[in-house]
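The file input-v5.csv comes next; it holds CSV, C-alpha atoms.
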chain,number,residue,atom,x,y,z
H,1,MET,CA,2.3,30.7,12.0
H,2,GLU,CA,4.0,27.6,13.4
H,3,LYS,CA,5.5,27.9,16.9
H,4,ASN,CA,9.0,26.7,17.4
H,5,ASN,CA,8.0,24.4,20.3
H,6,ALA,CA,4.9,23.0,18.5
H,7,LYS,CA,4.6,19.2,18.4
H,8,LYS,CA,4.7,17.3,15.2
H,9,ILE,CA,1.6,15.5,13.9
H,10,LEU,CA,2.2,12.8,11.4
H,11,VAL,CA,-0.6,12.3,8.8
H,12,VAL,CA,-0.3,8.9,7.1
H,13,PHE,CA,-2.1,8.6,3.7
H,14,GLY,CA,-1.9,7.1,0.3
H,15,GLY,CA,-1.3,3.4,0.7
H,16,VAL,CA,-1.4,0.4,-1.6
H,17,SER,CA,-5.1,-0.3,-1.8
H,18,SER,CA,-7.5,0.5,-4.6
H,19,GLU,CA,-8.7,3.4,-2.5
H,20,ARG,CA,-5.4,5.2,-2.3
H,21,ASP,CA,-6.5,8.2,-4.3
H,22,ILE,CA,-9.5,8.7,-1.9
H,23,SER,CA,-6.9,8.5,0.9
H,24,VAL,CA,-4.9,11.3,-0.7
H,25,ILE,CA,-8.0,13.6,-0.6
H,26,THR,CA,-8.6,12.7,3.1
H,27,GLY,CA,-4.9,13.1,4.0
H,28,VAL,CA,-4.4,16.4,2.2
H,29,LEU,CA,-7.5,17.9,3.8
H,30,THR,CA,-6.3,16.8,7.3
H,31,LEU,CA,-2.8,18.1,6.7
H,32,ASN,CA,-4.1,21.6,5.8
H,33,CYS,CA,-6.7,21.7,8.7
H,34,ILE,CA,-4.3,20.9,11.5
H,35,ASP,CA,-4.1,23.8,14.0
H,36,ARG,CA,-0.7,25.4,13.3
H,37,GLN,CA,-0.9,27.4,16.5
H,38,LYS,CA,-0.4,24.1,18.4
H,39,TYR,CA,1.1,21.6,15.9
H,40,ILE,CA,3.3,21.1,12.9
H,41,PRO,CA,1.7,18.8,10.3
H,42,VAL,CA,4.0,16.3,8.8
H,43,PRO,CA,2.9,14.3,5.7
H,44,LEU,CA,3.8,10.6,5.3
H,45,TYR,CA,2.7,9.6,1.8
H,46,VAL,CA,2.7,5.8,1.4
H,47,THR,CA,3.3,4.3,-2.1
H,48,ASP,CA,3.8,0.8,-3.5
H,49,ASN,CA,7.5,0.9,-2.9
H,50,ALA,CA,8.3,3.5,-0.2
H,51,CYS,CA,7.1,6.3,2.0
H,52,PHE,CA,7.8,10.0,1.3
H,53,THR,CA,7.5,13.3,3.0
H,54,GLY,CA,7.9,16.9,1.8
H,55,ASP,CA,6.1,20.3,1.5
H,56,LYS,CA,4.7,19.5,-2.0
H,57,LEU,CA,2.5,16.9,-0.4
H,58,PHE,CA,0.2,19.6,1.1
H,59,ASP,CA,-0.9,20.6,-2.5
H,60,LEU,CA,-3.5,18.4,-4.1
H,61,SER,CA,-2.3,19.4,-7.6
H,62,PHE,CA,1.0,17.6,-6.9
H,63,TYR,CA,-0.7,14.2,-7.2
H,64,LYS,CA,-1.6,14.7,-10.8
H,65,SER,CA,2.1,14.2,-11.8
H,66,ARG,CA,3.3,12.5,-8.6
H,67,ASP,CA,7.0,13.4,-9.3
H,68,LEU,CA,8.5,11.6,-6.3
H,69,ARG,CA,12.0,13.0,-7.0
H,70,ASP,CA,10.8,16.3,-5.4
H,71,LEU,CA,10.2,14.4,-2.1
H,72,ASP,CA,12.3,12.9,0.7
H,73,GLU,CA,12.1,9.2,1.3
H,74,ALA,CA,10.9,8.7,4.9
H,75,VAL,CA,11.2,5.7,7.3
H,76,LEU,CA,9.6,4.7,10.6
H,77,LYS,CA,11.7,2.6,12.9
H,78,VAL,CA,10.4,0.1,15.5
H,79,GLY,CA,11.1,1.4,18.9
H,80,SER,CA,11.6,5.0,17.8
H,81,ASN,CA,8.9,7.7,17.9
H,82,GLU,CA,10.8,9.8,15.3
H,83,LEU,CA,10.4,10.1,11.6
H,84,TRP,CA,13.6,9.4,9.7
H,85,ILE,CA,14.8,10.7,6.3
H,86,SER,CA,16.7,8.3,4.1
H,87,LYS,CA,19.4,9.8,1.9
H,88,ARG,CA,22.2,7.8,0.2
H,89,GLY,CA,21.8,4.9,2.6
H,90,LYS,CA,21.9,7.0,5.7
H,91,LEU,CA,19.1,8.0,8.1
H,92,LYS,CA,18.6,11.4,9.6
H,93,SER,CA,16.0,12.2,12.2
H,94,ALA,CA,13.2,14.6,11.2
H,95,GLY,CA,12.1,14.9,14.8
H,96,GLU,CA,9.9,13.2,17.3
H,97,ILE,CA,6.2,12.6,16.4
H,98,TYR,CA,3.7,13.6,19.1
H,99,CYS,CA,0.8,11.8,17.5
H,100,ALA,CA,-0.3,10.4,14.1
H,101,VAL,CA,-3.6,10.5,12.2
H,102,ASN,CA,-4.2,7.5,9.9
H,103,CYS,CA,-5.9,8.5,6.7
H,104,CYS,CA,-5.2,5.3,4.7
H,105,HIS,CA,-8.4,3.7,3.3
H,106,GLY,CA,-8.7,0.0,2.6
H,107,LEU,CA,-6.4,-2.9,3.0
H,108,ASN,CA,-2.9,-2.4,4.6
H,109,GLY,CA,-4.1,0.8,6.1
H,110,GLU,CA,-7.6,0.8,7.5
H,111,ASP,CA,-7.3,-2.8,8.6
H,112,GLY,CA,-5.1,-2.1,11.6
H,113,SER,CA,-1.8,-2.4,9.8
H,114,VAL,CA,-0.9,1.3,10.2
H,115,PHE,CA,-2.0,1.4,13.8
H,116,GLY,CA,0.1,-1.7,14.6
H,117,LEU,CA,3.2,-0.1,13.0
H,118,LEU,CA,2.7,3.1,15.0
H,119,ARG,CA,2.3,1.2,18.2
H,120,LEU,CA,5.6,-0.7,17.6
H,121,CYS,CA,7.3,2.7,17.1
H,122,GLY,CA,5.7,4.1,20.3
H,123,ILE,CA,3.8,6.8,18.4
H,124,PRO,CA,0.3,7.6,19.7
H,125,CYS,CA,-2.5,7.4,17.0
H,126,ALA,CA,-5.6,9.5,16.9
H,127,SER,CA,-7.4,6.8,14.9
H,128,PRO,CA,-9.2,3.5,15.8
H,129,ASP,CA,-7.0,0.7,17.1
H,130,MET,CA,-6.2,-2.7,15.7
H,131,LEU,CA,-9.2,-4.5,17.1
H,132,ALA,CA,-11.9,-2.2,15.6
H,133,SER,CA,-9.9,-1.7,12.4
H,134,SER,CA,-9.3,-5.3,11.6
H,135,VAL,CA,-12.9,-6.5,12.6
H,136,TYR,CA,-14.7,-3.8,10.6
H,137,MET,CA,-12.4,-4.0,7.6
H,138,ASP,CA,-13.7,-7.5,7.0
H,139,LYS,CA,-17.5,-7.4,6.3
H,140,CYS,CA,-17.8,-11.1,7.3
H,141,ALA,CA,-16.0,-10.7,10.6
H,142,SER,CA,-18.0,-7.6,11.4
H,143,LYS,CA,-21.3,-9.4,10.9
H,144,ILE,CA,-20.2,-11.9,13.5
H,145,TYR,CA,-19.1,-9.3,16.0
H,146,LEU,CA,-22.2,-7.1,15.5
H,147,SER,CA,-24.4,-10.1,16.0
H,148,GLY,CA,-22.7,-10.7,19.3
H,149,ILE,CA,-23.5,-7.2,20.6
H,150,GLY,CA,-27.1,-7.4,19.4
H,151,VAL,CA,-27.0,-5.2,16.2
H,152,LYS,CA,-29.2,-6.2,13.3
H,153,THR,CA,-27.6,-6.8,9.9
H,154,VAL,CA,-29.0,-8.2,6.6
H,155,PRO,CA,-28.8,-12.0,6.2
H,156,TYR,CA,-25.6,-13.1,4.4
H,157,LYS,CA,-23.3,-15.9,3.3
H,158,THR,CA,-19.5,-15.8,3.2
H,159,VAL,CA,-17.9,-17.4,0.2
H,160,THR,CA,-14.2,-17.9,-0.5
H,161,LYS,CA,-12.6,-18.3,-3.9
H,162,ALA,CA,-11.7,-21.9,-3.2
H,163,GLN,CA,-15.3,-22.7,-2.1
H,164,TYR,CA,-16.8,-21.1,-5.2
H,165,PHE,CA,-14.6,-22.8,-7.8
H,166,ALA,CA,-14.9,-26.1,-6.1
H,167,ASP,CA,-18.8,-26.0,-6.4
H,168,MET,CA,-20.0,-23.1,-8.4
H,169,GLU,CA,-23.5,-24.4,-9.0
H,170,GLY,CA,-23.9,-25.4,-5.4
H,171,VAL,CA,-22.8,-22.0,-4.1
H,172,VAL,CA,-25.2,-20.2,-6.3
H,173,SER,CA,-28.1,-22.5,-5.4
H,174,GLU,CA,-27.4,-21.9,-1.7
H,175,VAL,CA,-27.4,-18.1,-1.9
H,176,GLN,CA,-30.4,-18.2,-4.3
H,177,LYS,CA,-32.5,-19.2,-1.3
H,178,PHE,CA,-32.3,-15.6,-0.1
H,179,GLY,CA,-34.4,-14.6,-3.1
H,180,PHE,CA,-33.4,-12.2,-5.9
H,181,PRO,CA,-32.0,-9.7,-6.2
H,182,LEU,CA,-28.7,-10.4,-4.4
H,183,ILE,CA,-25.9,-8.0,-3.7
H,184,VAL,CA,-22.3,-9.4,-4.0
H,185,LYS,CA,-19.4,-7.6,-2.3
H,186,PRO,CA,-15.7,-8.1,-1.7
H,187,ALA,CA,-15.3,-8.8,2.0
H,188,ARG,CA,-12.4,-6.5,2.6
H,189,LEU,CA,-12.8,-3.5,0.3
H,190,GLY,CA,-14.6,-0.2,0.8
H,191,SER,CA,-15.8,2.7,-1.3
H,192,SER,CA,-18.3,0.4,-3.0
H,193,ILE,CA,-15.5,-1.1,-5.2
H,194,GLY,CA,-16.2,-4.5,-6.7
H,195,ILE,CA,-19.9,-4.6,-5.8
H,196,LYS,CA,-22.5,-6.0,-8.2
H,197,LEU,CA,-26.3,-6.5,-8.1
H,198,ALA,CA,-27.5,-9.9,-9.3
H,199,GLU,CA,-31.1,-10.0,-10.4
H,200,ASN,CA,-31.2,-13.7,-11.5
H,201,ARG,CA,-29.2,-16.9,-11.3
H,202,GLU,CA,-27.1,-16.3,-14.4
H,203,LYS,CA,-26.1,-12.8,-13.2
H,204,THR,CA,-25.1,-14.2,-9.8
H,205,PHE,CA,-22.2,-16.2,-11.4
H,206,GLY,CA,-20.9,-13.0,-13.0
H,207,ALA,CA,-21.3,-10.9,-9.9
H,208,ILE,CA,-19.4,-13.4,-7.8
H,209,GLU,CA,-16.6,-13.7,-10.2
H,210,PHE,CA,-16.4,-9.9,-10.5
H,211,ALA,CA,-16.1,-9.5,-6.7
H,212,LEU,CA,-13.5,-12.3,-6.5
H,213,ARG,CA,-11.2,-10.2,-8.8
H,214,TYR,CA,-10.8,-7.9,-5.8
H,215,ASP,CA,-10.8,-10.2,-2.9
H,216,GLY,CA,-10.5,-14.0,-2.2
H,217,LYS,CA,-13.4,-13.7,0.2
H,218,ILE,CA,-16.8,-12.2,-0.6
H,219,ILE,CA,-20.1,-11.7,1.1
H,220,ILE,CA,-23.5,-12.2,-0.6
H,221,GLU,CA,-26.6,-10.6,0.9
H,222,LYS,CA,-30.3,-10.4,0.0
H,223,ALA,CA,-30.6,-7.0,-1.7
H,224,LEU,CA,-33.2,-4.9,0.1
H,225,GLN,CA,-35.8,-3.0,-2.0
H,226,ASN,CA,-37.0,0.6,-1.6
H,227,PHE,CA,-34.5,1.3,1.2
H,228,LYS,CA,-32.8,4.5,2.3
H,229,GLU,CA,-29.1,4.6,3.0
H,230,ILE,CA,-28.4,6.5,6.2
H,231,ASN,CA,-25.0,7.5,7.6
H,232,CYS,CA,-24.0,8.5,11.2
H,233,ALA,CA,-20.6,9.2,12.6
H,234,ALA,CA,-19.1,9.2,16.1
H,235,TYR,CA,-15.9,10.2,17.9
H,236,SER,CA,-14.8,10.6,21.5
H,237,ALA,CA,-13.6,13.7,23.3
H,238,ASN,CA,-13.0,14.4,27.0
H,239,GLY,CA,-14.5,11.0,27.9
H,240,LYS,CA,-17.7,11.6,26.0
H,241,ILE,CA,-18.9,9.9,22.7
H,242,ILE,CA,-20.1,12.6,20.2
H,243,THR,CA,-22.5,11.4,17.5
H,244,SER,CA,-23.3,13.3,14.3
H,245,GLU,CA,-26.7,14.0,12.9
H,246,CYS,CA,-27.8,11.5,10.3
H,247,GLU,CA,-27.1,12.0,6.6
H,248,ARG,CA,-29.0,10.4,3.7
H,249,PRO,CA,-26.7,10.0,0.6
H,250,VAL,CA,-28.7,9.9,-2.6
H,251,SER,CA,-27.4,7.6,-5.4
H,252,ALA,CA,-28.0,7.7,-9.1
H,253,GLY,CA,-28.4,3.9,-9.2
H,254,LYS,CA,-29.8,1.0,-7.2
H,255,PHE,CA,-27.0,1.3,-4.6
H,256,LEU,CA,-24.3,3.9,-3.8
H,257,SER,CA,-21.4,3.2,-6.2
H,258,PHE,CA,-17.8,4.3,-6.3
H,259,GLU,CA,-18.7,6.6,-9.2
H,260,ASP,CA,-21.6,8.1,-7.1
H,261,LYS,CA,-19.3,8.8,-4.2
H,262,TYR,CA,-16.2,10.2,-6.0
H,263,GLU,CA,-16.5,10.7,-9.7
H,264,GLY,CA,-19.7,12.7,-10.0
H,265,GLY,CA,-20.7,14.1,-13.3
H,266,ALA,CA,-24.2,14.0,-14.9
H,267,LYS,CA,-24.2,10.3,-15.2
H,268,HIS,CA,-23.3,9.7,-11.6
H,269,ALA,CA,-24.9,12.6,-9.8
H,270,ALA,CA,-24.9,11.8,-6.1
H,271,SER,CA,-26.0,14.2,-3.5
H,272,SER,CA,-26.8,14.2,0.2
H,273,ILE,CA,-29.7,15.2,2.4
H,274,PHE,CA,-28.4,16.5,5.7
H,275,PRO,CA,-29.9,16.2,8.2
H,276,ALA,CA,-31.6,13.1,6.8
H,277,ASP,CA,-35.3,13.3,6.0
H,278,ILE,CA,-36.3,10.6,8.5
H,279,ASP,CA,-38.5,10.7,11.6
H,280,LYS,CA,-36.8,12.0,14.8
H,281,GLU,CA,-37.5,8.6,16.5
H,282,VAL,CA,-35.6,6.8,13.8
H,283,SER,CA,-32.8,9.3,13.8
H,284,ASP,CA,-32.4,9.0,17.5
H,285,GLU,CA,-32.4,5.2,17.4
H,286,ILE,CA,-29.7,5.2,14.7
H,287,LYS,CA,-27.6,7.6,16.9
H,288,ARG,CA,-28.2,5.3,19.9
H,289,ILE,CA,-27.0,2.3,17.9
H,290,THR,CA,-23.9,4.2,16.6
H,291,GLU,CA,-23.0,5.2,20.2
H,292,ASN,CA,-23.5,1.6,21.4
H,293,VAL,CA,-21.3,0.1,18.6
H,294,TYR,CA,-18.6,2.7,19.4
H,295,ARG,CA,-18.6,1.9,23.1
H,296,LYS,CA,-18.8,-1.9,22.8
H,297,THR,CA,-15.9,-2.0,20.3
H,298,PHE,CA,-13.8,0.1,22.6
H,299,VAL,CA,-13.1,2.5,19.8
H,300,HIS,CA,-11.3,5.8,19.9
H,301,GLY,CA,-10.9,8.2,17.0
H,302,VAL,CA,-13.7,8.8,14.4
H,303,ILE,CA,-15.9,6.2,12.7
H,304,ARG,CA,-18.8,6.5,10.3
H,305,ILE,CA,-21.5,3.8,10.2
H,306,ASP,CA,-23.6,3.2,7.1
H,307,TYR,CA,-27.2,1.9,7.7
H,308,LEU,CA,-30.0,0.6,5.5
H,309,LEU,CA,-33.5,1.7,6.5
H,310,CYS,CA,-36.2,-0.6,5.0
H,311,ASP,CA,-39.8,-1.4,6.0
H,312,GLY,CA,-39.3,0.2,9.4
H,313,GLU,CA,-36.2,-1.9,10.2
H,314,ILE,CA,-32.7,-0.5,10.8
H,315,TYR,CA,-29.9,-2.7,9.4
H,316,LEU,CA,-26.3,-1.8,10.0
H,317,ASN,CA,-24.5,-2.1,6.7
H,318,GLU,CA,-20.8,-1.4,7.5
H,319,VAL,CA,-18.5,0.5,9.8
H,320,ASN,CA,-15.8,2.7,8.4
H,321,THR,CA,-12.9,3.2,10.8
H,322,VAL,CA,-11.1,5.6,8.4
H,323,PRO,CA,-14.1,7.5,6.9
H,324,GLY,CA,-13.6,9.6,3.8
H,325,SER,CA,-12.3,13.1,4.8
H,326,LEU,CA,-12.6,11.7,8.4
H,327,ALA,CA,-16.4,12.4,8.3
H,328,MET,CA,-15.7,16.1,9.1
H,329,TYR,CA,-18.7,17.2,7.0
H,330,LEU,CA,-21.0,15.4,9.4
H,331,PHE,CA,-19.8,17.4,12.4
H,332,LYS,CA,-18.6,20.8,11.1
H,333,ASP,CA,-20.3,23.4,8.9
H,334,LYS,CA,-17.0,24.8,7.6
H,335,THR,CA,-13.7,23.1,6.7
H,336,SER,CA,-11.9,25.7,8.8
H,337,ASP,CA,-13.7,24.4,11.9
H,338,PHE,CA,-12.2,20.9,11.3
H,339,LYS,CA,-9.1,21.9,13.3
H,340,ASP,CA,-11.0,21.9,16.5
H,341,MET,CA,-12.2,18.3,15.9
H,342,ILE,CA,-8.6,17.2,15.0
H,343,ASN,CA,-7.4,18.7,18.2
H,344,GLU,CA,-9.9,16.6,20.1
H,345,LEU,CA,-8.9,13.5,18.2
H,346,ILE,CA,-5.2,14.1,18.9
H,347,ASP,CA,-5.9,14.6,22.7
H,348,GLU,CA,-7.8,11.4,22.8
H,349,GLY,CA,-5.2,9.4,20.9
H,350,VAL,CA,-2.5,10.6,23.2
H,351,ARG,CA,-4.6,9.8,26.3
H,352,VAL,CA,-5.3,6.2,25.0
H,353,HIS,CA,-1.6,5.7,24.2
H,354,ARG,CA,-0.6,6.9,27.7
H,355,ASP,CA,-3.0,4.5,29.3
H,356,TYR,CA,-1.6,1.7,27.2
H,357,VAL,CA,2.0,2.5,28.1
H,358,ASN,CA,1.2,2.8,31.8
H,359,GLY,CA,-0.4,-0.6,31.8
H,360,THR,CA,1.5,-3.7,32.8
H,361,PHE,CA,2.1,-5.9,29.8
H,362,ASN,CA,5.4,-7.5,30.6
H,363,HIS,CA,5.6,-10.5,33.0
H,364,PRO,CA,9.1,-10.7,34.6
H,365,ALA,CA,10.6,-14.0,33.7
H,366,ASP,CA,14.0,-15.5,33.1
H,367,VAL,CA,13.1,-18.1,30.5
H,368,PHE,CA,16.5,-18.4,28.9
H,369,GLY,CA,18.2,-18.5,32.2
H,370,ASN,CA,16.0,-21.4,33.3
H,371,ILE,CA,16.7,-23.1,30.0
H,372,SER,CA,20.4,-22.7,30.4
H,373,SER,CA,20.3,-24.2,33.9
H,374,LYS,CA,18.3,-27.2,32.7
H,375,LEU,CA,20.7,-27.7,29.8
H,376,LYS,CA,23.7,-27.7,32.1
H,377,GLY,CA,21.9,-30.2,34.4
H,378,ALA,CA,21.1,-32.4,31.4
H,379,ASN,CA,24.7,-32.3,30.3
H,380,ARG,CA,26.0,-33.4,33.7
H,381,SER,CA,23.6,-36.3,33.7
H,382,THR,CA,24.9,-37.4,30.3
H,383,ASP,CA,28.5,-37.1,31.5
H,384,LYS,CA,27.8,-39.4,34.5
H,385,LYS,CA,26.5,-42.0,32.1
structure tokens encoding of this file:
Amino acid sequence: MEKNNAKKILVVFGGVSSERDISVITGVLTLNCIDRQKYIPVPLYVTDNACFTGDKLFDLSFYKSRDLRDLDEAVLKVGSNELWISKRGKLKSAGEIYCAVNCCHGLNGEDGSVFGLLRLCGIPCASPDMLASSVYMDKCASKIYLSGIGVKTVPYKTVTKAQYFADMEGVVSEVQKFGFPLIVKPARLGSSIGIKLAENREKTFGAIEFALRYDGKIIIEKALQNFKEINCAAYSANGKIITSECERPVSAGKFLSFEDKYEGGAKHAASSIFPADIDKEVSDEIKRITENVYRKTFVHGVIRIDYLLCDGEIYLNEVNTVPGSLAMYLFKDKTSDFKDMINELIDEGVRVHRDYVNGTFNHPADVFGNISSKLKGANRSTDKK
């Protein structure tokens, strides 16, 4: 039962990236798990051409047909913390938004774009801010940042489309020094999209060109052998960083693919061991690194960090600032318990926004007044001549 004075929580999902369908799953789960004793969930479904809201967006079966005619077109306005409905060229307020949850995976969503828009509107966001989102969306930038805070990652090389096609042989000869096999990834995609394993020089050309279909910048790494993938998540509540237990996803292939994660079936049967079957000392160290990264990136909201465990070494693979289904399964035994975690995320998002608003960001100045005075003085000097 929704209370009349309940505050509205905007859940932003969908988007324009190749991960938009995964975002729908995350968004719909979040919408349906929001505590209706405290809040009114409001969907904002982002498509290629517009944003929409409506009750049908709560039902996952709607997205099979995606008949947008049953929805209202919705708009956010810079400087307004309200959601607006657009009908026949006129805007009508759908009410003030108390806080938003970003569930958009991938480019133009997970990269800080959504957070930046919400900040311009004056809407608090329960998800990581622009710094963390933009840095960790880019695998190359994240390597540089993580190195700066003392976190170990696998050796890599960044290659752009222009660099590759200017000297294809030279680029492959350079990365070949890592030794085969190599793993080639788009720099700014998630969900294992566009990734290929290259086991020799000839296959490296194909893997690079495949990754460049998805992104104009790619990252090439030495592919570890006989490794374990380990995931650990974190979020903050009441001034404390909470880390999850470690999880070990199990893939059907040599690395965890998009099909392993989301399509399933006999051919791509992925499962998970939770808690992960690793020594307590290793698990504790992974949790320590996770908390350290969270703190040193000044994050709020929930993140999931993916690690590679190989020959006794822990390598940070990537940081997800909008993890699938917001990593609920790593913290809560039941979906019904997710609402408590969402409440904590909302409280933290509102607190962070309040601190931001209360800060001093404007320096009082009369730039145009000074320019006007100088122009008048210049005109008088010209007249005298």
Measure the distance from CA of Tyr136 (chain H) to CA of Val319 (chain H) in Å and round it to one decimal. 5.8 Å
Can you measure CA of Ser236 (chain H) to CA of Thr30 (chain H) for me? One decimal in Å is fine.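 Separating CA of Ser236 (chain H) from CA of Thr30 (chain H) is a distance of 17.7 Å.
Taking CA of Glu221 (chain H) and CA of Val250 (chain H) as endpoints, the distance between them is 20.9 Å.
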Would you compute the box with edges along x, y and z of the file around region 314-328 of chain H, including every atom the file lists for it and 3 Å extra on each side, and give its centre and edge lengths in Å to one decimal, as lines of an AutoDock Vina configuration file?
center_x = -21.9
center_y = 6.7
center_z = 7.3
size_x = 27.6
size_y = 24.8
size_z = 13.0
Closest contacts (region 169-225 of chain H/region 85-106 of chain H, max 12 Å, all atoms listed in the file) as CSV:
residue,atom,partner,partner_atom,distance
H:Pro186,CA,H:Gly106,CA,11.5
H:Ala187,CA,H:Gly106,CA,11.0
H:Arg188,CA,H:Gly106,CA,7.5
H:Leu189,CA,H:Gly106,CA,5.9
H:Gly190,CA,H:Gly106,CA,6.2
H:Ser191,CA,H:Gly106,CA,8.5
H:Ser192,CA,H:Gly106,CA,11.1
H:Ile193,CA,H:Gly106,CA,10.4
H:Tyr214,CA,H:Gly106,CA,11.7
H:Asp215,CA,H:Gly106,CA,11.8
Which residue gives the smallest distance to Phe298 (chain H) among H:Asp59, H:Asp129, H:Glu110, H:Asp366, with only C-alpha atoms counted?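 Nearest candidate to Phe298 (chain H) out of H:Asp59, H:Asp129, H:Glu110, H:Asp366: H:Asp129.
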Identify, on the basis of all atoms listed in the file, every residue whose closest approach to Ser173 (chain H) does not exceed 12 Å; exclude the query and any residue fewer than 4 positions from it along the same chain; express the result as JSON, numbers by chain. {"H": [157, 164, 167, 168, 169, 177, 178, 179, 180, 200, 201, 202, 204, 205]}
